[in-house]
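Chemist: My structure file data.pdb, PDB, C-alpha atoms and all ligand atoms, is below:
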ATOM      1  CA  MET P  19      62.417 251.040  67.497
ATOM      2  CA  SER P  20      62.987 252.057  71.113
ATOM      3  CA  LYS P  21      66.386 253.346  72.143
ATOM      4  CA  PRO P  22      68.423 250.547  73.750
ATOM      5  CA  LEU P  23      69.158 251.198  77.414
ATOM      6  CA  PHE P  24      72.560 251.024  79.044
ATOM      7  CA  ILE P  25      71.995 249.865  82.637
ATOM      8  CA  SER P  26      74.660 249.431  85.300
ATOM      9  CA  ILE P  27      74.135 247.572  88.550
ATOM     10  CA  GLU P  28      76.143 248.651  91.553
ATOM     11  CA  GLY P  29      76.378 247.867  95.223
ATOM     12  CA  GLY P  30      78.610 246.678  98.008
ATOM     13  CA  ASP P  31      79.906 243.147  98.291
ATOM     14  CA  GLY P  32      77.156 240.647  99.005
ATOM     15  CA  ALA P  33      74.322 242.966  97.944
ATOM     16  CA  GLY P  34      72.944 240.246  95.665
ATOM     17  CA  LYS P  35      73.876 241.727  92.298
ATOM     18  CA  GLY P  36      74.331 238.280  90.745
ATOM     19  CA  THR P  37      70.844 237.112  91.716
ATOM     20  CA  GLN P  38      69.251 240.347  90.542
ATOM     21  CA  ILE P  39      71.093 240.235  87.232
ATOM     22  CA  ARG P  40      69.773 236.711  86.648
ATOM     23  CA  LEU P  41      66.197 237.781  87.439
ATOM     24  CA  LEU P  42      66.567 240.853  85.234
ATOM     25  CA  SER P  43      67.809 238.653  82.361
ATOM     26  CA  LYS P  44      64.713 236.494  82.607
ATOM     27  CA  TRP P  45      62.514 239.593  82.549
ATOM     28  CA  LEU P  46      64.283 241.008  79.485
ATOM     29  CA  GLN P  47      63.889 237.672  77.702
ATOM     30  CA  ALA P  48      60.185 237.647  78.528
ATOM     31  CA  GLN P  49      59.879 241.154  77.038
ATOM     32  CA  GLN P  50      61.765 239.924  73.933
ATOM     33  CA  ILE P  51      64.339 242.660  74.409
ATOM     34  CA  ASP P  52      67.779 242.030  72.857
ATOM     35  CA  TYR P  53      70.413 242.514  75.515
ATOM     36  CA  ILE P  54      73.908 241.540  76.564
ATOM     37  CA  LEU P  55      75.174 240.936  80.068
ATOM     38  CA  THR P  56      78.608 242.235  80.787
ATOM     39  CA  ARG P  57      80.717 243.155  83.800
ATOM     40  CA  GLU P  58      83.455 245.344  85.204
ATOM     41  CA  PRO P  59      86.268 244.986  85.613
ATOM     42  CA  GLY P  60      86.182 242.932  82.427
ATOM     43  CA  GLY P  61      83.620 242.615  79.665
ATOM     44  CA  CYS P  62      86.072 242.150  76.784
ATOM     45  CA  PRO P  63      89.237 239.995  76.527
ATOM     46  CA  SER P  64      91.809 242.727  77.276
ATOM     47  CA  ALA P  65      89.802 244.034  80.239
ATOM     48  CA  GLU P  66      89.389 240.503  81.599
ATOM     49  CA  VAL P  67      93.211 240.276  81.719
ATOM     50  CA  LEU P  68      93.242 243.427  83.868
ATOM     51  CA  ARG P  69      90.441 242.004  86.031
ATOM     52  CA  LYS P  70      92.617 239.085  87.021
ATOM     53  CA  LEU P  71      95.351 241.498  88.128
ATOM     54  CA  VAL P  72      93.140 243.642  90.336
ATOM     55  CA  VAL P  73      90.635 241.294  91.924
ATOM     56  CA  GLU P  74      92.921 238.399  92.801
ATOM     57  CA  GLY P  75      96.031 238.756  94.928
ATOM     58  CA  GLU P  76      96.771 240.687  98.084
ATOM     59  CA  ASP P  77      95.332 243.832  99.606
ATOM     60  CA  ASP P  78      98.516 245.902  99.145
ATOM     61  CA  ASP P  79      99.373 244.778  95.591
ATOM     62  CA  TRP P  80      98.078 248.120  94.234
ATOM     63  CA  ASP P  81      97.525 251.495  95.849
ATOM     64  CA  GLY P  82      94.415 253.570  95.141
ATOM     65  CA  VAL P  83      95.919 255.506  92.225
ATOM     66  CA  SER P  84      97.188 252.348  90.525
ATOM     67  CA  GLU P  85      93.754 250.792  90.958
ATOM     68  CA  LEU P  86      92.088 253.914  89.524
ATOM     69  CA  LEU P  87      94.239 253.620  86.402
ATOM     70  CA  LEU P  88      93.835 249.856  86.012
ATOM     71  CA  TYR P  89      90.038 249.868  86.428
ATOM     72  CA  SER P  90      89.780 252.872  84.125
ATOM     73  CA  ALA P  91      91.900 251.291  81.383
ATOM     74  CA  ALA P  92      89.735 248.190  81.599
ATOM     75  CA  ARG P  93      86.594 250.397  81.372
ATOM     76  CA  ARG P  94      87.852 252.222  78.309
ATOM     77  CA  GLU P  95      88.323 248.961  76.423
ATOM     78  CA  HIS P  96      85.036 247.551  77.732
ATOM     79  CA  LEU P  97      83.195 250.599  76.388
ATOM     80  CA  ARG P  98      85.032 250.611  73.066
ATOM     81  CA  LYS P  99      84.845 246.908  72.319
ATOM     82  CA  THR P 100      81.582 245.775  73.968
ATOM     83  CA  VAL P 101      79.210 248.456  75.289
ATOM     84  CA  LEU P 102      79.175 251.038  72.492
ATOM     85  CA  PRO P 103      78.993 248.519  69.605
ATOM     86  CA  ALA P 104      76.072 246.747  71.317
ATOM     87  CA  LEU P 105      74.120 249.990  71.873
ATOM     88  CA  LYS P 106      74.816 251.028  68.281
ATOM     89  CA  SER P 107      73.280 247.803  67.028
ATOM     90  CA  GLY P 108      70.133 248.336  69.129
ATOM     91  CA  THR P 109      71.056 245.909  71.924
ATOM     92  CA  TRP P 110      70.524 246.771  75.583
ATOM     93  CA  VAL P 111      73.581 246.519  77.826
ATOM     94  CA  ILE P 112      73.397 245.320  81.426
ATOM     95  CA  SER P 113      76.715 245.871  83.169
ATOM     96  CA  ASP P 114      77.584 244.344  86.526
ATOM     97  CA  ARG P 115      79.344 247.467  87.904
ATOM     98  CA  PHE P 116      80.628 250.500  86.006
ATOM     99  CA  ALA P 117      82.372 253.811  86.756
ATOM    100  CA  ASP P 118      80.488 254.505  90.016
ATOM    101  CA  SER P 119      82.392 251.570  91.500
ATOM    102  CA  THR P 120      85.637 253.426  90.843
ATOM    103  CA  THR P 121      84.274 256.643  92.389
ATOM    104  CA  VAL P 122      83.369 254.677  95.476
ATOM    105  CA  TYR P 123      86.046 251.987  95.876
ATOM    106  CA  GLN P 124      89.066 253.958  94.711
ATOM    107  CA  GLY P 125      87.793 257.447  95.597
ATOM    108  CA  VAL P 126      85.936 257.040  98.860
ATOM    109  CA  GLY P 127      87.348 253.656  99.917
ATOM    110  CA  ARG P 128      91.020 254.129  98.958
ATOM    111  CA  GLY P 129      91.055 257.891  99.416
ATOM    112  CA  VAL P 130      91.987 258.980  95.882
ATOM    113  CA  ASP P 131      91.087 262.637  95.341
ATOM    114  CA  ALA P 132      87.494 262.903  94.047
ATOM    115  CA  GLU P 133      88.358 265.629  91.543
ATOM    116  CA  GLN P 134      91.082 263.466  90.016
ATOM    117  CA  VAL P 135      88.744 260.473  89.816
ATOM    118  CA  ASN P 136      86.208 262.674  88.013
ATOM    119  CA  GLN P 137      88.838 263.886  85.569
ATOM    120  CA  ILE P 138      89.674 260.290  84.692
ATOM    121  CA  HIS P 139      85.950 259.540  84.274
ATOM    122  CA  ASP P 140      85.654 262.509  81.872
ATOM    123  CA  LEU P 141      88.540 261.131  79.849
ATOM    124  CA  VAL P 142      87.441 257.490  79.883
ATOM    125  CA  VAL P 143      83.624 257.609  79.980
ATOM    126  CA  GLY P 144      82.917 261.071  78.552
ATOM    127  CA  GLU P 145      79.261 261.189  77.508
ATOM    128  CA  ASN P 146      78.820 257.420  77.705
ATOM    129  CA  TRP P 147      77.314 257.113  81.198
ATOM    130  CA  PRO P 148      74.557 254.523  81.671
ATOM    131  CA  ASP P 149      70.944 255.608  81.164
ATOM    132  CA  LEU P 150      70.089 253.973  84.476
ATOM    133  CA  THR P 151      72.240 252.905  87.414
ATOM    134  CA  LEU P 152      70.624 250.582  89.954
ATOM    135  CA  ILE P 153      72.443 250.797  93.284
ATOM    136  CA  LEU P 154      71.675 247.825  95.540
ATOM    137  CA  ASP P 155      71.916 249.114  99.089
ATOM    138  CA  ILE P 156      72.610 246.869 102.062
ATOM    139  CA  ASP P 157      74.110 247.152 105.542
ATOM    140  CA  PRO P 158      77.687 245.830 105.124
ATOM    141  CA  THR P 159      77.403 243.537 108.153
ATOM    142  CA  VAL P 160      74.628 241.726 106.265
ATOM    143  CA  GLY P 161      76.345 241.945 102.862
ATOM    144  CA  ILE P 162      79.771 240.770 103.986
ATOM    145  CA  GLY P 163      78.187 237.927 105.919
ATOM    146  CA  ARG P 164      76.558 236.800 102.678
ATOM    147  CA  SER P 165      79.754 236.930 100.598
ATOM    148  CA  LYS P 166      82.016 235.501 103.344
ATOM    149  CA  ALA P 167      80.343 232.166 102.653
ATOM    150  CA  ASN P 168      82.688 232.311  99.642
ATOM    151  CA  VAL P 169      80.545 229.975  97.628
ATOM    152  CA  HIS P 170      78.335 231.239  94.801
ATOM    153  CA  ALA P 171      74.750 230.055  94.378
ATOM    154  CA  ASP P 172      75.942 227.730  91.603
ATOM    155  CA  GLY P 173      78.365 226.029  94.015
ATOM    156  CA  GLN P 174      81.483 227.628  92.518
ATOM    157  CA  VAL P 175      84.015 228.749  95.149
ATOM    158  CA  ASN P 176      84.722 232.483  95.126
ATOM    159  CA  GLN P 177      88.463 233.096  94.410
ATOM    160  CA  GLU P 178      88.059 236.870  94.294
ATOM    161  CA  THR P 179      88.311 237.694  97.963
ATOM    162  CA  ARG P 180      90.682 240.673  97.879
ATOM    163  CA  PHE P 181      87.945 243.217  98.670
ATOM    164  CA  GLU P 182      85.853 241.046 100.928
ATOM    165  CA  ASN P 183      88.915 240.772 103.194
ATOM    166  CA  LEU P 184      89.055 244.523 103.847
ATOM    167  CA  ASP P 185      87.667 245.681 107.191
ATOM    168  CA  LEU P 186      84.103 246.686 107.964
ATOM    169  CA  SER P 187      84.787 250.449 108.061
ATOM    170  CA  PHE P 188      85.935 250.222 104.426
ATOM    171  CA  HIS P 189      82.625 248.647 103.441
ATOM    172  CA  GLU P 190      80.711 251.255 105.448
ATOM    173  CA  LYS P 191      82.530 253.997 103.534
ATOM    174  CA  VAL P 192      81.647 252.200 100.308
ATOM    175  CA  ARG P 193      77.965 252.142 101.256
ATOM    176  CA  GLU P 194      77.951 255.859 102.132
ATOM    177  CA  GLY P 195      79.732 256.606  98.870
ATOM    178  CA  PHE P 196      77.069 254.866  96.814
ATOM    179  CA  ILE P 197      74.297 256.645  98.730
ATOM    180  CA  ARG P 198      75.972 260.002  97.980
ATOM    181  CA  ILE P 199      76.218 259.161  94.274
ATOM    182  CA  ALA P 200      72.525 258.232  94.207
ATOM    183  CA  LYS P 201      71.601 261.585  95.798
ATOM    184  CA  LYS P 202      73.833 263.590  93.448
ATOM    185  CA  ASN P 203      72.670 261.846  90.270
ATOM    186  CA  ARG P 204      68.913 261.474  90.744
ATOM    187  CA  GLY P 205      68.223 261.386  87.017
ATOM    188  CA  ARG P 206      70.495 258.421  86.393
ATOM    189  CA  CYS P 207      70.757 256.554  89.701
ATOM    190  CA  VAL P 208      68.200 254.751  91.831
ATOM    191  CA  LEU P 209      68.884 253.350  95.293
ATOM    192  CA  ILE P 210      67.268 249.925  95.779
ATOM    193  CA  ASN P 211      66.855 248.365  99.229
ATOM    194  CA  ALA P 212      68.691 245.026  98.875
ATOM    195  CA  ASP P 213      67.910 243.756 102.380
ATOM    196  CA  ASP P 214      64.708 242.084 101.231
ATOM    197  CA  THR P 215      63.710 238.889  99.434
ATOM    198  CA  PRO P 216      65.190 238.491  95.936
ATOM    199  CA  GLU P 217      61.647 238.643  94.497
ATOM    200  CA  ASN P 218      60.840 241.968  96.165
ATOM    201  CA  VAL P 219      64.151 243.513  95.151
ATOM    202  CA  HIS P 220      63.490 242.346  91.586
ATOM    203  CA  LEU P 221      60.001 243.883  91.579
ATOM    204  CA  ASN P 222      61.422 247.221  92.682
ATOM    205  CA  ILE P 223      64.013 247.067  89.909
ATOM    206  CA  ILE P 224      61.352 246.350  87.303
ATOM    207  CA  LYS P 225      59.264 249.284  88.571
ATOM    208  CA  GLU P 226      62.226 251.577  87.947
ATOM    209  CA  LEU P 227      62.856 250.060  84.547
ATOM    210  CA  GLU P 228      59.266 250.484  83.465
ATOM    211  CA  LYS P 229      59.511 254.199  84.214
ATOM    212  CA  ARG P 230      62.426 254.394  81.766
ATOM    213  CA  VAL P 231      60.880 252.161  79.153
ATOM    214  CA  GLU P 232      57.934 254.601  79.049
ATOM    215  CA  ILE P 233      60.426 257.304  78.193
ATOM    216  CA  TYR P 234      61.473 255.262  75.159
ATOM    217  CA  PRO P 235      58.257 253.652  73.933
ATOM    218  CA  ALA P 236      58.592 250.892  71.350
TER     219      ALA P 236
HETATM  220  P1  LIG A 301      82.573 242.094  91.375
HETATM  221  O1  LIG A 301      82.971 241.049  90.421
HETATM  222  O2  LIG A 301      81.338 242.842  91.084
HETATM  223  O3  LIG A 301      82.530 241.397  92.784
HETATM  224  P2  LIG A 301      81.487 241.444  93.966
HETATM  225  O4  LIG A 301      80.706 240.187  93.794
HETATM  226  O5  LIG A 301      82.374 241.412  95.137
HETATM  227  O6  LIG A 301      80.683 242.667  93.865
HETATM  228  O7  LIG A 301      83.746 243.163  91.534
HETATM  229  C1  LIG A 301      85.008 242.802  91.945
HETATM  230  C2  LIG A 301      85.603 243.827  92.871
HETATM  231  O8  LIG A 301      86.132 244.910  92.116
HETATM  232  C3  LIG A 301      84.598 244.428  93.836
HETATM  233  O9  LIG A 301      85.003 244.183  95.160
HETATM  234  C4  LIG A 301      84.663 245.901  93.579
HETATM  235  C5  LIG A 301      85.922 246.104  92.818
HETATM  236  N1  LIG A 301      85.883 247.238  91.866
HETATM  237  C6  LIG A 301      86.603 248.391  92.148
HETATM  238  O10 LIG A 301      87.250 248.506  93.184
HETATM  239  N2  LIG A 301      86.605 249.422  91.251
HETATM  240  C7  LIG A 301      85.919 249.363  90.081
HETATM  241  O11 LIG A 301      85.939 250.326  89.287
HETATM  242  C8  LIG A 301      85.165 248.156  89.801
HETATM  243  C9  LIG A 301      84.398 248.047  88.521
HETATM  244  C10 LIG A 301      85.181 247.125  90.714
END
Give the structure from the file, written as structure tokens.

Modeler:
Amino acid sequence: MSKPLFISIEGGDGAGKGTQIRLLSKWLQAQQIDYILTREPGGCPSAEVLRKLVVEGEDDDWDGVSELLLYSAARREHLRKTVLPALKSGTWVISDRFADSTTVYQGVGRGVDAEQVNQIHDLVVGENWPDLTLILDIDPTVGIGRSKANVHADGQVNQETRFENLDLSFHEKVREGFIRIAKKNRGRCVLINADDTPENVHLNIIKELEKRVEIYPA
């Protein structure tokens, strides 16, 4: 049996993560790979409670340090209750965001000291980093324009606008932060150009995945 992969998908607001996760799901089904889709913040009942606290509400409800601790507590439970048990049972895990989002949003975006963010990651994530992190890269003026529509592809209205409401320079910092992470972690992270058709972005993701699947042949 091949080793199940833990894959996280990252990117700025409006990068098209949702669409790509749907296309990736279809591909995994076609390959008859057992997988779960999960997300951060959230991914297990206790972490979903924390999600509601951090993603709804006003911009100044939490400062950067409070956010770091809330997202990290949610991640700890997500790992313990969902991610690690799935991997142990041979199931792939696809997570919509993971710890790199904290490095970028709370570290770079909110200005929390990078060393302190890393210390929390060591405590919370330890050795359990994803095998592959796909970072969807897009110019924030394009990405924010997409998510400002505030309506998902399925017609559901987006209630979670706390981050989308922050100014453009915040989103530019976020983009730069993700690019830096991709450069620093070349073994784990891949930067994917998200300013393209959904089909082309998907094809690039699958190319990256196939490189990893060769590493773990069935
Ligand atoms: P998400 O549901 O992925 O929303 P979006 O569709 O906007 O990408 O994530 C919700 C918000 O939570 C998103 O704006 C980024 C933020 N976030 C952090 O600030 N830190 C974190 O550690 C995580 C996981 C998310």

Chemist: If the box runs along x, y and z of the file and leaves 8 Å on each side of region 118-122 of chain P, what are its centre and edge lengths in Å, one decimal, as JSON?

Modeler:
{"center_x": 83.1, "center_y": 254.1, "center_z": 92.7, "size_x": 21.1, "size_y": 21.1, "size_z": 21.5}

Chemist: If you measure from CA of Cys62 (chain P) to CA of Glu28 (chain P), what distance in Å do you get, rounded to one decimal?

Modeler: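 Atom-to-atom, CA of Cys62 (chain P) and CA of Glu28 (chain P) are spaced 18.9 Å apart.
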
Chemist: What's the separation between atom C2 of ligand LIG 301 (chain A) and CA of Leu55 (chain P), in Å to one decimal place?

Modeler: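 So the answer is 16.8 Å.
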
Chemist: Pull the closest atom pair for each residue of chain P that gets at most 6 Å from ligand LIG 301 (chain A), along with the distance in Å to one decimal, counting all atoms listed in the file, ordering rows by chain and then ascending residue number, as a tab-separated table.

Modeler:
residue	atom	partner	partner_atom	distance
P:Asp31	CA	A:LIG301	O5	4.4
P:Glu58	CA	A:LIG301	C9	4.4
P:Pro59	CA	A:LIG301	C9	4.6
P:Val73	CA	A:LIG301	C2	5.7
P:Tyr89	CA	A:LIG301	O11	5.0
P:Arg115	CA	A:LIG301	C9	5.1
P:Phe116	CA	A:LIG301	C9	5.2
P:Ala117	CA	A:LIG301	O11	5.6
P:Ser119	CA	A:LIG301	O11	4.4
P:Thr120	CA	A:LIG301	O11	3.5
P:Tyr123	CA	A:LIG301	O10	4.6
P:Gln124	CA	A:LIG301	O10	5.9
P:Phe181	CA	A:LIG301	O9	4.7

Chemist: Care to translate the PyMOL selection byres (((chain P and resi 84) around 12) and not hetatm) into actual residues of this file, as a list in words?

Modeler: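 This file, filtered by the PyMOL selection byres (((chain P and resi 84) around 12) and not hetatm), leaves Leu68, Leu71, Val72, Asp78, Asp79, Trp80, Asp81, Gly82, Val83, Glu85, Leu86, Leu87, Leu88, Tyr89, Ser90, Ala91, Thr120, Gln124, Gly125, Arg128, Val130 and Val135 of chain P.
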
Chemist: When distances are computed from only C-alpha atoms, which of P:Lys99, P:Arg230, P:Arg69, P:Arg57 shows the smallest separation from Cys207 (chain P)?

Modeler: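 Among the listed residues, P:Arg230 lies closest to Cys207 (chain P).
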
Chemist: Any chance you could resolve the PyMOL selection byres (((chain P and resi 41) around 12) and not hetatm) against this file and give the residues as a ChimeraX atom specification?

Modeler: /P:34-40,42-48,216-224

Chemist: Quick one: residues within 12 Å of (78.0, 259.7, 99.4) (file frame), counting all atoms listed in the file, please, as a ChimeraX atom specification.

Modeler: /P:118,121-123,125-127,132,190-203,209

Chemist: Quote the spacing between CA of Ser187 (chain P) and CA of Asp131 (chain P) in Å to one decimal place.

Modeler: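 Between CA of Ser187 (chain P) and CA of Asp131 (chain P) the gap works out to 18.7 Å.
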
Chemist: Nearest to Phe188 (chain P) among P:Ile210, P:Lys225, P:Gly129, P:Glu74, with distances taken over all atoms listed in the file: which residue is it?

Modeler: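 Ranked by minimum distance to Phe188 (chain P), first place goes to P:Gly129.
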
Chemist: I need the output of the PyMOL selection byres (((chain P and resi 101) around 10) and not hetatm) for this file as a list of chain:residue names; which residues are they?

Modeler: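 Listing what the PyMOL selection byres (((chain P and resi 101) around 10) and not hetatm) selects in the shown file: P:Phe24, P:Ile54, P:Leu55, P:Thr56, P:Gly61, P:Cys62, P:Arg93, P:Arg94, P:Glu95, P:His96, P:Leu97, P:Arg98, P:Lys99, P:Thr100, P:Leu102, P:Pro103, P:Ala104, P:Leu105, P:Lys106, P:Thr109, P:Trp110, P:Val111, P:Ile112, P:Ser113, P:Asn146, P:Pro148.
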
Chemist: Between P:Glu226, P:Gly144, P:Ala92, P:Ser20, which residue has the minimum interatomic distance to Gly205 (chain P), considering all atoms listed in the file?

Modeler: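 With all atoms listed in the file as the atom set, the closest residue is P:Glu226.
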
Chemist: For each of P:His139, P:His189, P:Arg204, P:Lys70, take the minimum atom-to-atom distance to Gly29 (chain P), counting all atoms listed in the file, then give the residue where this is smallest.

Modeler: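 The closest residue to Gly29 (chain P) is P:His189.
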